[in-house]
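Student: What follows is upload-v3.txt, made up of compact mmCIF, C-alpha atoms:
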```txt
# COMPACT_ATOMS: atom_id res chain seq x y z
CA MET A 265 67.69 -28.31 78.66
CA ILE A 266 64.42 -27.84 76.73
CA ASP A 267 65.90 -24.90 74.83
CA ARG A 268 68.86 -27.02 73.64
CA VAL A 269 66.51 -29.74 72.42
CA THR A 270 63.99 -27.50 70.66
CA ARG A 271 66.35 -24.96 69.06
CA SER A 272 66.88 -25.75 65.40
CA LYS A 273 70.40 -25.98 63.99
CA ILE A 274 69.04 -25.48 60.47
CA PHE A 275 66.33 -22.83 60.62
CA ARG A 276 66.62 -19.32 61.94
CA ASN A 277 62.97 -18.64 60.96
CA ARG A 278 61.19 -21.26 58.84
CA GLU A 279 58.03 -19.14 58.58
CA ILE A 280 59.85 -16.98 56.00
CA LEU A 281 59.63 -19.96 53.61
CA ARG A 282 55.85 -20.29 53.96
CA PRO A 283 53.94 -19.28 50.79
CA ASP A 284 51.73 -16.88 52.77
CA TYR A 285 54.70 -14.90 54.17
CA ILE A 286 54.90 -11.44 52.60
CA PRO A 287 58.51 -10.17 52.45
CA ASP A 288 59.58 -6.52 52.34
CA THR A 289 60.40 -6.86 48.63
CA LEU A 290 58.98 -9.07 45.88
CA PRO A 291 61.66 -9.70 43.23
CA HIS A 292 60.58 -9.78 39.57
CA ARG A 293 57.08 -8.46 40.26
CA GLU A 294 57.90 -4.73 40.15
CA ASN A 295 55.74 -4.10 37.07
CA GLU A 296 52.71 -5.88 38.51
CA ILE A 297 53.12 -4.04 41.82
CA ARG A 298 53.29 -0.70 40.04
CA LYS A 299 50.25 -1.41 37.86
CA LEU A 300 48.06 -2.61 40.73
CA ALA A 301 49.11 0.34 42.92
CA GLN A 302 48.25 2.78 40.13
CA ILE A 303 44.78 1.26 39.81
CA LEU A 304 44.08 1.30 43.56
CA ILE A 305 45.68 4.60 44.59
CA PRO A 306 42.41 6.63 44.23
CA ALA A 307 41.18 4.78 47.35
CA ILE A 308 43.57 6.86 49.49
CA ARG A 309 41.77 9.99 48.24
CA GLY A 310 38.41 8.45 49.13
CA GLU A 311 37.57 7.67 45.49
CA ARG A 312 36.42 4.22 44.37
CA PRO A 313 39.03 2.48 42.16
CA SER A 314 38.07 0.23 39.27
CA ASN A 315 37.44 -3.45 39.97
CA VAL A 316 40.45 -5.60 39.11
CA PHE A 317 40.78 -9.19 37.93
CA ILE A 318 44.16 -10.87 38.41
CA TYR A 319 45.04 -14.00 36.43
CA GLY A 320 48.01 -16.36 36.58
CA LEU A 321 49.05 -19.92 37.30
CA THR A 322 49.56 -21.15 40.86
CA GLY A 323 52.66 -19.73 42.52
CA THR A 324 53.15 -16.72 40.24
CA GLY A 325 52.80 -14.16 43.02
CA LYS A 326 49.20 -12.99 42.52
CA THR A 327 48.18 -13.16 46.18
CA ALA A 328 51.55 -11.95 47.48
CA VAL A 329 51.54 -8.87 45.24
CA THR A 330 47.93 -8.03 46.11
CA LYS A 331 48.55 -8.26 49.86
CA TYR A 332 51.85 -6.39 49.51
CA VAL A 333 50.29 -3.45 47.65
CA LEU A 334 47.29 -3.17 49.97
CA LYS A 335 49.40 -3.49 53.13
CA ASN A 336 51.75 -0.73 51.98
CA MET A 337 48.94 1.52 50.78
CA TYR A 338 47.13 1.14 54.09
CA SER A 339 50.17 1.82 56.28
CA LYS A 340 51.26 4.85 54.24
CA SER A 341 47.77 6.33 54.18
CA ARG A 342 47.54 5.99 57.98
CA GLU A 343 50.97 7.59 58.40
CA ARG A 344 49.69 10.61 56.47
CA GLY A 345 46.53 10.83 58.53
CA TYR A 346 44.09 9.39 55.95
CA ASP A 347 41.39 6.92 57.03
CA THR A 348 39.53 6.89 53.75
CA PHE A 349 39.85 3.20 52.87
CA ALA A 350 40.20 -0.29 54.31
CA TYR A 351 40.53 -3.76 52.82
CA THR A 352 39.82 -7.39 53.59
CA TYR A 353 40.99 -10.70 52.15
CA VAL A 354 38.79 -13.79 51.65
CA ASN A 355 40.10 -17.11 50.37
CA CYS A 356 37.12 -18.67 48.59
CA ARG A 357 38.58 -22.16 48.84
CA HIS A 358 38.43 -21.92 52.63
CA SER A 359 35.27 -19.81 52.87
CA ASP A 360 33.60 -21.91 50.22
CA THR A 361 29.92 -20.97 50.57
CA PRO A 362 28.12 -17.66 49.99
CA TYR A 363 27.16 -17.63 53.68
CA ARG A 364 30.78 -17.96 54.83
CA VAL A 365 31.99 -15.28 52.39
CA PHE A 366 29.38 -12.76 53.59
CA ALA A 367 29.98 -13.74 57.23
CA ASP A 368 33.72 -13.07 56.77
CA LEU A 369 32.94 -9.71 55.16
CA ALA A 370 30.57 -8.83 58.01
CA LYS A 371 33.24 -9.71 60.58
CA SER A 372 35.74 -7.46 58.77
CA VAL A 373 33.46 -4.44 59.36
CA ASN A 374 32.84 -5.38 63.01
CA VAL A 375 29.42 -6.97 62.48
CA LYS A 376 28.87 -10.25 64.33
CA VAL A 377 26.78 -12.95 62.67
CA PRO A 378 26.25 -16.56 63.80
CA PHE A 379 28.27 -19.32 62.18
CA THR A 380 25.02 -20.65 60.66
CA GLY A 381 21.31 -20.07 60.97
CA LEU A 382 20.55 -16.83 59.13
CA PRO A 383 19.41 -16.51 55.52
CA THR A 384 22.40 -15.61 53.34
CA SER A 385 20.58 -12.50 52.15
CA GLU A 386 20.26 -11.30 55.76
CA VAL A 387 24.00 -11.75 56.39
CA PHE A 388 24.67 -9.70 53.24
CA ARG A 389 22.30 -6.94 54.40
CA ARG A 390 24.00 -6.77 57.81
CA PHE A 391 27.40 -6.53 56.13
CA LEU A 392 26.25 -3.60 53.96
CA ARG A 393 24.69 -1.79 56.94
CA GLY A 394 27.89 -2.20 58.94
CA LEU A 395 30.05 -1.06 56.02
CA ASP A 396 27.94 2.03 55.31
CA LYS A 397 28.48 3.26 58.89
CA LEU A 398 32.25 3.43 58.25
CA ASN A 399 32.02 5.85 55.32
CA ILE A 400 35.05 4.41 53.51
CA VAL A 401 36.20 2.85 50.26
CA PHE A 402 36.31 -0.88 51.02
CA ILE A 403 38.53 -3.10 48.86
CA ILE A 404 37.49 -6.77 48.92
CA VAL A 405 39.98 -9.39 47.72
CA LEU A 406 38.33 -12.66 46.65
CA ASP A 407 41.12 -15.18 46.15
CA GLU A 408 40.39 -18.38 44.17
CA ILE A 409 36.99 -16.94 43.31
CA ASP A 410 36.57 -19.52 40.52
CA PHE A 411 36.41 -22.27 43.19
CA LEU A 412 33.36 -20.64 44.82
CA VAL A 413 31.60 -19.90 41.52
CA ARG A 414 32.03 -23.45 40.25
CA LYS A 415 30.39 -24.80 43.42
CA HIS A 416 27.66 -22.21 44.03
CA GLY A 417 27.27 -20.04 40.94
CA ASP A 418 28.01 -16.33 40.59
CA ASP A 419 25.38 -14.89 42.96
CA VAL A 420 28.03 -13.63 45.41
CA LEU A 421 29.73 -11.68 42.66
CA TYR A 422 26.42 -10.34 41.38
CA LYS A 423 25.46 -9.04 44.83
CA LEU A 424 28.86 -7.43 45.40
CA VAL A 425 29.10 -5.68 42.02
CA ARG A 426 25.61 -4.27 42.57
CA ALA A 427 26.28 -3.28 46.18
CA ASN A 428 27.42 0.24 45.27
CA GLU A 429 23.87 0.97 44.09
CA ILE A 430 22.64 0.20 47.64
CA LEU A 431 25.40 1.84 49.69
CA SER A 432 24.99 5.55 50.41
CA LYS A 433 28.22 6.45 52.27
CA SER A 434 30.74 3.68 51.58
CA LYS A 435 31.88 2.17 48.28
CA ILE A 436 33.17 -1.30 47.33
CA THR A 437 35.98 -2.24 44.95
CA LEU A 438 36.53 -5.91 44.11
CA ILE A 439 39.80 -7.67 43.38
CA GLY A 440 39.24 -11.18 41.99
CA ILE A 441 42.16 -13.62 41.85
CA THR A 442 42.02 -16.80 39.79
CA ASN A 443 44.23 -19.41 38.11
CA ASP A 444 41.70 -19.72 35.27
CA ILE A 445 42.43 -17.27 32.46
CA ASN A 446 38.98 -17.90 30.94
CA PHE A 447 37.06 -17.55 34.18
CA VAL A 448 35.43 -14.17 33.50
CA GLU A 449 34.04 -15.50 30.21
CA THR A 450 31.90 -17.98 32.18
CA LEU A 451 30.16 -15.24 34.18
CA ASP A 452 26.81 -13.57 33.58
CA PRO A 453 27.33 -10.65 31.11
CA ARG A 454 25.96 -8.20 33.72
CA ILE A 455 28.72 -9.24 36.14
CA ARG A 456 31.41 -9.45 33.47
CA SER A 457 30.98 -5.86 32.35
CA SER A 458 31.30 -4.52 35.89
CA LEU A 459 33.92 -6.89 37.23
CA GLY A 460 36.48 -6.95 34.47
CA GLU A 461 37.23 -3.21 34.43
CA GLU A 462 40.98 -3.76 34.85
CA GLU A 463 42.97 -6.95 34.29
CA ILE A 464 46.50 -7.99 35.27
CA VAL A 465 48.09 -11.22 34.01
CA PHE A 466 50.99 -12.77 35.96
CA THR A 467 53.42 -14.80 33.86
CA PRO A 468 55.30 -17.78 35.37
CA TYR A 469 58.74 -17.29 36.92
CA ASP A 470 61.76 -18.80 35.14
CA SER A 471 64.44 -20.76 37.04
CA TYR A 472 66.74 -17.73 37.43
CA GLN A 473 63.95 -15.63 38.93
CA LEU A 474 63.04 -18.47 41.28
CA GLU A 475 66.69 -18.64 42.39
CA ASP A 476 66.57 -14.94 43.29
CA ILE A 477 63.39 -15.45 45.31
CA LEU A 478 64.82 -18.46 47.15
CA ARG A 479 68.13 -16.74 47.92
CA GLN A 480 66.30 -13.73 49.32
CA ARG A 481 64.15 -15.88 51.62
CA ALA A 482 66.93 -18.33 52.53
CA LYS A 483 69.18 -15.53 53.79
CA ASP A 484 66.86 -14.92 56.77
CA ALA A 485 65.21 -18.36 57.00
CA PHE A 486 68.39 -20.42 57.53
CA TYR A 487 71.51 -20.09 59.63
CA PRO A 488 74.66 -19.20 57.65
CA ASP A 489 76.39 -21.96 55.65
CA VAL A 490 73.79 -24.69 56.26
CA ILE A 491 72.66 -24.89 52.62
CA GLU A 492 74.91 -26.99 50.43
CA THR A 493 75.96 -25.63 47.03
CA GLY A 494 73.42 -26.51 44.34
CA VAL A 495 70.41 -26.89 46.66
CA ILE A 496 68.78 -23.56 45.77
CA GLU A 497 69.52 -24.05 42.05
CA LEU A 498 67.91 -27.52 42.14
CA CYS A 499 64.79 -26.29 43.98
CA ALA A 500 64.41 -23.52 41.41
CA ALA A 501 64.95 -25.85 38.44
CA LEU A 502 62.42 -28.42 39.70
CA ALA A 503 59.80 -25.71 40.34
CA ALA A 504 60.46 -24.07 36.96
CA ARG A 505 59.43 -27.34 35.29
CA GLU A 506 56.06 -27.00 37.05
CA HIS A 507 55.09 -23.74 35.32
CA GLY A 508 57.42 -21.51 37.39
CA ASP A 509 55.63 -22.13 40.68
CA ALA A 510 57.29 -20.10 43.47
CA ARG A 511 55.17 -21.88 46.10
CA ARG A 512 56.56 -25.19 44.91
CA ALA A 513 60.13 -23.85 45.09
CA LEU A 514 59.63 -22.49 48.62
CA ASP A 515 57.96 -25.72 49.78
CA LEU A 516 60.82 -27.81 48.36
CA LEU A 517 63.44 -25.73 50.18
CA ARG A 518 61.51 -25.64 53.46
CA ILE A 519 60.71 -29.38 53.50
CA ALA A 520 64.30 -30.23 52.48
CA GLY A 521 65.40 -28.24 55.54
CA GLU A 522 62.88 -30.03 57.74
CA ILE A 523 64.07 -33.43 56.51
CA ALA A 524 67.69 -32.43 57.25
CA GLU A 525 66.57 -31.29 60.69
CA ARG A 526 64.78 -34.60 61.40
CA GLU A 527 67.85 -36.55 60.31
CA GLY A 528 70.10 -34.51 62.58
CA ALA A 529 72.14 -33.27 59.60
CA VAL A 530 74.23 -30.12 59.82
CA LYS A 531 73.60 -29.12 56.20
CA VAL A 532 70.70 -29.20 53.73
CA THR A 533 71.87 -31.31 50.79
CA ILE A 534 70.72 -32.09 47.27
CA ASP A 535 69.61 -35.51 48.53
CA HIS A 536 67.27 -33.76 50.98
CA VAL A 537 65.72 -31.85 48.07
CA TYR A 538 64.92 -35.08 46.22
CA LYS A 539 63.39 -36.52 49.39
CA ALA A 540 61.35 -33.31 49.76
CA ARG A 541 60.10 -33.63 46.18
CA GLU A 542 58.92 -37.19 46.88
CA GLU A 543 57.15 -36.05 50.07
CA LEU A 544 55.44 -33.16 48.27
CA GLU A 545 54.35 -35.43 45.45
CA ARG A 546 52.86 -37.88 47.93
CA ASN A 547 50.94 -35.10 49.66
CA ARG A 548 49.72 -33.60 46.37
CA VAL A 549 48.47 -36.93 45.03
CA LYS A 550 46.81 -37.79 48.33
CA GLU A 551 44.99 -34.46 48.40
CA ILE A 552 43.68 -34.93 44.86
CA ILE A 553 42.67 -38.57 45.31
CA ILE A 554 40.83 -37.96 48.59
CA THR A 555 38.42 -35.62 46.80
CA LEU A 556 37.72 -37.98 43.87
CA PRO A 557 34.27 -39.60 43.53
CA LEU A 558 34.09 -43.34 44.21
CA HIS A 559 33.96 -44.43 40.56
CA SER A 560 36.97 -42.24 39.68
CA LYS A 561 38.87 -43.94 42.50
CA LEU A 562 37.89 -47.35 41.15
CA VAL A 563 39.03 -46.39 37.65
CA LEU A 564 42.35 -45.16 39.06
CA LEU A 565 42.77 -48.37 41.06
CA SER A 566 42.05 -50.37 37.88
CA ILE A 567 44.78 -48.48 36.02
CA ALA A 568 47.23 -48.94 38.90
CA LEU A 569 46.58 -52.68 39.05
CA GLN A 570 46.81 -53.04 35.27
CA THR A 571 50.10 -51.14 35.00
CA LYS A 572 51.85 -52.69 38.00
CA GLY A 573 53.41 -55.52 36.01
CA THR A 574 53.62 -53.71 32.68
CA SER A 575 54.42 -50.20 31.50
CA TYR A 576 50.90 -49.35 30.29
CA THR A 577 47.28 -50.43 29.95
CA THR A 578 44.39 -49.65 27.59
CA THR A 579 40.85 -48.39 28.02
CA GLY A 580 39.43 -51.87 27.38
CA ASP A 581 41.64 -53.62 29.94
CA THR A 582 41.00 -50.85 32.46
CA TYR A 583 37.26 -51.21 31.99
CA ASN A 584 37.38 -54.97 32.49
CA THR A 585 39.26 -54.55 35.79
CA TYR A 586 36.86 -51.78 36.79
CA LEU A 587 33.90 -54.17 36.26
CA GLU A 588 35.52 -56.68 38.63
CA LEU A 589 36.00 -54.01 41.30
CA VAL A 590 32.42 -52.78 40.95
CA LYS A 591 31.22 -56.36 41.36
CA MET A 592 33.27 -56.72 44.55
CA LEU A 593 31.61 -53.60 46.00
CA ARG A 594 28.17 -54.62 44.71
CA ILE A 595 27.43 -51.22 43.20
CA GLU A 596 26.03 -50.20 39.84
CA LYS A 597 28.56 -50.03 37.01
CA LEU A 598 29.17 -47.11 34.65
CA THR A 599 29.25 -47.48 30.89
CA GLN A 600 32.58 -47.84 29.09
CA ARG A 601 32.03 -44.41 27.55
CA ARG A 602 31.61 -42.81 30.97
CA VAL A 603 34.70 -44.61 32.28
CA SER A 604 36.61 -43.23 29.28
CA ASP A 605 35.48 -39.73 30.35
CA LEU A 606 36.77 -40.41 33.88
CA ILE A 607 40.12 -41.49 32.41
CA ASN A 608 40.31 -38.15 30.59
CA GLU A 609 39.56 -36.31 33.85
CA LEU A 610 42.33 -38.22 35.68
CA ASP A 611 44.66 -37.30 32.82
CA MET A 612 43.77 -33.61 33.24
CA LEU A 613 44.54 -33.87 36.98
CA GLY A 614 48.02 -35.16 36.14
CA ILE A 615 47.64 -38.48 37.96
CA ILE A 616 47.79 -40.54 34.75
CA ASN A 617 48.92 -40.02 31.16
CA ALA A 618 46.47 -41.08 28.45
CA ARG A 619 47.19 -40.80 24.73
CA VAL A 620 45.41 -42.14 21.68
CA VAL A 621 47.52 -44.28 19.33
CA SER A 622 46.69 -45.89 15.99
CA ARG A 623 46.91 -49.66 15.60
CA GLY A 624 46.42 -49.71 11.87
CA ARG A 625 43.53 -51.88 10.73
CA TYR A 626 42.70 -52.62 14.38
CA GLY A 627 41.70 -48.98 14.85
CA LYS A 628 42.72 -46.60 17.61
CA THR A 629 43.19 -47.25 21.28
CA LYS A 630 44.10 -45.22 24.34
CA ILE A 631 47.44 -46.03 25.99
CA ILE A 632 47.33 -45.26 29.73
CA THR A 633 50.25 -45.00 32.17
CA LEU A 634 50.52 -43.82 35.77
CA ALA A 635 52.08 -40.36 36.02
CA VAL A 636 52.96 -40.82 39.70
CA ASN A 637 54.48 -43.60 41.80
CA TYR A 638 52.33 -46.75 42.11
CA ASN A 639 52.81 -47.05 45.88
CA ILE A 640 51.80 -43.41 46.42
CA VAL A 641 48.57 -44.00 44.47
CA ILE A 642 47.74 -47.19 46.39
CA ASP A 643 48.45 -45.59 49.78
CA ALA A 644 46.28 -42.59 48.88
CA LEU A 645 43.41 -44.79 47.65
CA ALA A 646 43.62 -46.85 50.83
CA GLY A 647 42.45 -43.76 52.71
CA ASP A 648 38.93 -44.60 51.52
CA PRO A 649 37.64 -47.50 53.68
CA ARG A 650 35.70 -48.99 50.74
CA ILE A 651 38.80 -49.03 48.53
CA ALA A 652 41.03 -50.15 51.43
CA GLU A 653 38.98 -53.33 51.79
CA ILE A 654 39.48 -54.16 48.10
CA ILE A 655 43.22 -53.43 48.30
CA ASN A 656 43.63 -55.64 51.37
CA ASN A 657 41.71 -58.47 49.69
CA LEU A 658 43.92 -58.20 46.62
CA ARG A 659 47.11 -58.27 48.70
CA TYR A 660 46.29 -61.54 50.48
```
Would you mind writing the file out in structure tokens?
Tutor:
Amino acid sequence: MIDRVTRSKIFRNREILRPDYIPDTLPHRENEIRKLAQILIPAIRGERPSNVFIYGLTGTGKTAVTKYVLKNMYSKSRERGYDTFAYTYVNCRHSDTPYRVFADLAKSVNVKVPFTGLPTSEVFRRFLRGLDKLNIVFIIVLDEIDFLVRKHGDDVLYKLVRANEILSKSKITLIGITNDINFVETLDPRIRSSLGEEEIVFTPYDSYQLEDILRQRAKDAFYPDVIETGVIELCAALAAREHGDARRALDLLRIAGEIAEREGAVKVTIDHVYKAREELERNRVKEIIITLPLHSKLVLLSIALQTKGTSYTTTGDTYNTYLELVKMLRIEKLTQRRVSDLINELDMLGIINARVVSRGRYGKTKIITLAVNYNIVIDALAGDPRIAEIINNLRY
């Protein structure tokens, strides 16, 4: 009875559509795979490869290719009886402090450290001592490394690029992965010269390449004949508009399938894809808005309120509404110039669109519109209790 209820009629294995799933082949990344493998292959011989920096927009396959190459190198080297290298992967958005990064590295070489309580320098020393006992080439992947550096500076990178001067038996190679093409330029010159020895740039996928990726995954992820004609093409086309993001395409297809499953449908339709896009957009906006500072939230609420009855607002009108909201919360106001800066930041995040237009002898003004659905913005802002109180007061 339970088996009949829980067995999906849509998915054979939905995990195949997760962005962190690494398939047996990675279509349209053959050149990047070959280049990275050529750089890292000396590790199998016990020689330290060059450090590598990998650039590319979100969803262009940087992490998947890196894990794919290292996984295959490791398994083949073990098959041939080599135990000259090992590797570890650290996502710096999740392990977002120097302590957590070094603690993860220590754990990967079988050194236990407490969750907190030690000086960061001591955790680093324990990691190096543990690594040196293994007598290997150790490849460290630091994904989203720019996130860590923006929050805590580049001390982690400095320590790691200098670690080979301390180690006597083992050696470290670093692979840095970032969405920011200019990231290395922001680093200390001493780090930059050591870290950027090799670089690989991943270009976005086009819609045809995304179709290939989706068809490959869908073949094993879904039962036969449950995907309606046009669904994969639509997922690929929508993701191609967002800089060729394969993660976006996979998420659209997976969530469309989950919506079909919840509705008790026997097929995944184009309508399910559009519903999935709306759900993803809601989640993306909510995630961004939750992390905004209070005044940025108030500026966004001002724009939402100003544009609800009209198509656009201006900086001046936004600022006037912002002053009313600040007064309601009884907090100190920001200057109009600072609020204008916050508007620019919201524009960069893609939540609003702001453009300067000329009004002849009346000078220039900034025309502001919401880039996402009004209700999605309001619901996301209502997650902050301080903003929720304002929204509830305005509704009644």
Student: Report the centre and edge lengths, in Å to one decimal, of an axis-aligned box enclosing every atom of range 476-483 of chain A listed in the file, padded by 3 Å on each side, as lines of an AutoDock Vina configuration file.
Tutor:
```
center_x = 66.3
center_y = -16.1
center_z = 48.5
size_x = 11.8
size_y = 10.7
size_z = 16.5
```
Student: Just checking: using all atoms listed in the file, which residue out of A:Ala501, A:Leu431, A:Val329, A:Ile436 ends up closest to Pro313 in chain A?
Tutor: A:Ile436
Student: Provide the CA of Thr322 in chain A to CA of Asn443 in chain A distance in Å, to one decimal place.
Tutor: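 According to the coordinates, CA of Thr322 in chain A and CA of Asn443 in chain A are separated by 6.2 Å.
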Student: Tell me, as a count of residues only, which residues lie within 10 Å of Pro362 in chain A, counting all atoms listed in the file; anything in the same chain fewer than 2 positions away does not count.
Tutor: 21
Student: Mind giving me the straight-line distance from CA of Ile403 in chain A to CA of Leu304 in chain A in Å, one decimal?
Tutor: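 Pair CA of Ile403 in chain A / CA of Leu304 in chain A returns 8.8 Å.
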Student: Given the point (44.7, 2.6, 55.7) in the coordinates of this file, which residues lie within 9 Å, counting only C-alpha atoms, and how would they look as a ChimeraX atom specification?
Tutor: /A:308,334-343,345-351
Student: Can you tell me, as a list in words, which residues sit within 6 Å of (36.8, -48.8, 27.8) in the file's frame, using all atoms listed in the file?
Tutor: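 Every polymer residue passing the test: Thr579, Gly580, Tyr583, Gln600 and Ser604 of chain A.
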Student: In Å, how far is it from CA of Arg271 in chain A to CA of Phe486 in chain A?
Tutor: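 About the pair CA of Arg271 in chain A and CA of Phe486 in chain A: they are 12.6 Å apart.
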Student: Within 10 Å of Leu598 in chain A, counting only C-alpha atoms, which residues qualify if same-chain residues fewer than 2 places away don't, as a list of chain:residue names?
Tutor: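 Here the answer would be A:His559, A:Tyr583, A:Tyr586, A:Leu587, A:Val590, A:Ile595, A:Glu596, A:Gln600, A:Arg601, A:Arg602, A:Val603, A:Ser604.
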Student: Identify which of the residues A:Val333, A:Ile274, A:Val377, A:Ala646 lies closest to Arg526 in chain A, counting all atoms listed in the file when measuring atom-to-atom distances.
Tutor: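 The closest residue to Arg526 in chain A is A:Ile274.
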Student: Looking at only C-alpha atoms, which of A:Arg481, A:Lys435, A:Lys630, A:Lys561 is the one that sits closest to Ile655 in chain A?
Tutor: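 Closest to Ile655 in chain A, using only C-alpha atoms: A:Lys561.
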Student: Excluding Tyr353 in chain A and any residue of its chain fewer than 6 positions from it, enumerate the residues within 9 Å of it, using only C-alpha atoms, and give them as number ranges by chain.
Tutor: A: 331, 368-369, 403-407
Student: Taking only C-alpha atoms into account, which of A:Val620, A:Ala482, A:Ile491, A:Ile523 comes nearest Arg278 in chain A?
Tutor: A:Ala482
Student: Using all atoms listed in the file, which of A:Asn315, A:Ser560, A:Asn637, A:Ser372 sits nearest Ile464 in chain A?
Tutor: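 Looking only at the distances to Ile464 in chain A, the closest residue turns out to be A:Asn315.
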Student: Determine, counting only C-alpha atoms, which protein, DNA and RNA residues have an atom within 12 Å of an atom of Pro453 in chain A; residues of the same chain fewer than 5 positions away are not included. Present the result as JSON, numbers by chain.
Tutor: {"A": [418, 421, 422, 448, 458, 459, 460]}
Student: At a cut-off of 9 Å, using all atoms listed in the file, what residues contact Leu565 in chain A? Leave out same-chain residues fewer than 2 positions from it and give the result as a list in words.
Tutor: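 Listed by chain and then number, they are Ser560, Lys561, Leu562, Val563, Ile567, Ala568, Leu569, Gln570, Thr585, Tyr586, Leu589, Val641, Ile642, Leu645, Ile651 and Ile655 of chain A.
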